[in-house]
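J.: I'd like to ask you about the structure that follows.
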Amino acid sequence: GFIGTEVAVPDVFALRFGMAVLIGLLYSEQCILSIMDRLRRAHAPLSLAYGLYCDPHFQVLGPTQSAPAWPSPGEDFSKLRATAQYRTR
């Protein structure tokens with residue numbers, strides 16, 4: 001997926017908005033749509049320049065879940081993708 005702007009935004013705002021998205025995604029266990037909605041409302045009107053181009057129900061599972069095993073040398077990396085710990089509806 002992709003989160004991006006339709007127009008140029010100030011660098012400091014982009015940095016802070018991007019960090020807020022990542023922190024929300026990694027620590028809140030909310031779906032990306034809820035995180036973006038909350039941030040858009042809190043930082044309007046500049047935040048309305050951001051578009052969400054991914055599954056809106058994407059979310060990262062909490063740290064209580066085990067991490068996927070990293071493939072050994074010579075193993076196919078597609079196994080890592082198949083065991084990745086994320087959830088969509």
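Residues are referred to by chain and number: the chain letter is A, B, ... according to the order shown in the structure tokens, the number counts from 1 in that chain, and ligands are numbered separately from 1 in the order shown.
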Find the residues around stretch 19-22 of chain A up to 9 Å (only C-alpha atoms counted), leave out those fewer than 5 positions away in its own chain, and share them as JSON, numbers by chain.

T.: {"A": [14, 27, 32, 35, 36, 39]}

J.: A:Gly24: which residues within 12 Å, counting only C-alpha atoms, same-chain residues fewer than 5 positions away excluded, as a PyMOL selection string?

T.: chain A and resi 17-19+29-39+59-62

J.: So which residues touch A:Ala49 within 10 Å, counting only C-alpha atoms, skipping near sequence neighbours fewer than 3 positions away, as a list of chain:residue names?

T.: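 Once the adjacent positions are removed, what remains is A:Gly4, A:Thr5, A:Glu6, A:Val7, A:Ala8, A:Val9, A:Arg40, A:Ala44, A:Pro45, A:Leu46.
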
J.: Output N, CA and C atoms of each residue in that selection to a file, as a PDB file, in the first residue's frame.

T.:
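Done, and the output landed in again_32.pdb:
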```pdb
ATOM      1  N   GLY A   4       0.219   8.854   0.655  1.00  0.00           N
ATOM      2  CA  GLY A   4       0.938   9.973   0.062  1.00  0.00           C
ATOM      3  C   GLY A   4       0.069  11.199  -0.056  1.00  0.00           C
ATOM      4  N   THR A   5       0.695  12.299  -0.459  1.00  0.00           N
ATOM      5  CA  THR A   5      -0.021  13.561  -0.592  1.00  0.00           C
ATOM      6  C   THR A   5      -0.325  13.857  -2.050  1.00  0.00           C
ATOM      7  N   GLU A   6      -1.362  14.642  -2.248  1.00  0.00           N
ATOM      8  CA  GLU A   6      -1.744  15.081  -3.588  1.00  0.00           C
ATOM      9  C   GLU A   6      -1.003  16.363  -3.956  1.00  0.00           C
ATOM     10  N   VAL A   7      -0.512  17.069  -2.960  1.00  0.00           N
ATOM     11  CA  VAL A   7       0.195  18.339  -3.155  1.00  0.00           C
ATOM     12  C   VAL A   7       1.404  18.363  -2.222  1.00  0.00           C
ATOM     13  N   ALA A   8       2.264  19.339  -2.426  1.00  0.00           N
ATOM     14  CA  ALA A   8       3.420  19.489  -1.546  1.00  0.00           C
ATOM     15  C   ALA A   8       2.963  19.954  -0.159  1.00  0.00           C
ATOM     16  N   VAL A   9       3.563  19.365   0.875  1.00  0.00           N
ATOM     17  CA  VAL A   9       3.289  19.788   2.256  1.00  0.00           C
ATOM     18  C   VAL A   9       4.631  20.110   2.910  1.00  0.00           C
ATOM     19  N   ARG A  40      -6.510  12.868  10.268  1.00  0.00           N
ATOM     20  CA  ARG A  40      -7.085  13.870   9.357  1.00  0.00           C
ATOM     21  C   ARG A  40      -7.945  14.866  10.117  1.00  0.00           C
ATOM     22  N   ALA A  44      -6.572  18.854  10.318  1.00  0.00           N
ATOM     23  CA  ALA A  44      -7.151  19.476   9.126  1.00  0.00           C
ATOM     24  C   ALA A  44      -6.768  20.950   9.109  1.00  0.00           C
ATOM     25  N   PRO A  45      -6.630  21.569   7.999  1.00  0.00           N
ATOM     26  CA  PRO A  45      -6.941  21.101   6.652  1.00  0.00           C
ATOM     27  C   PRO A  45      -5.751  20.456   5.937  1.00  0.00           C
ATOM     28  N   LEU A  46      -4.518  20.669   6.425  1.00  0.00           N
ATOM     29  CA  LEU A  46      -3.347  20.163   5.710  1.00  0.00           C
ATOM     30  C   LEU A  46      -3.338  18.642   5.608  1.00  0.00           C
TER      31      LEU A  46
END
```

J.: For a quick check of understanding, using only C-alpha atoms, which of A:Gly1, A:Arg41, A:Asp11, A:Arg16 has the smallest distance to A:His57?

T.: A:Gly1

J.: Work out how far apart atom CA of A:Phe58 and atom CA of A:Ile3 are and give it in Å to one decimal.

T.: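 It comes out at 12.5 Å.
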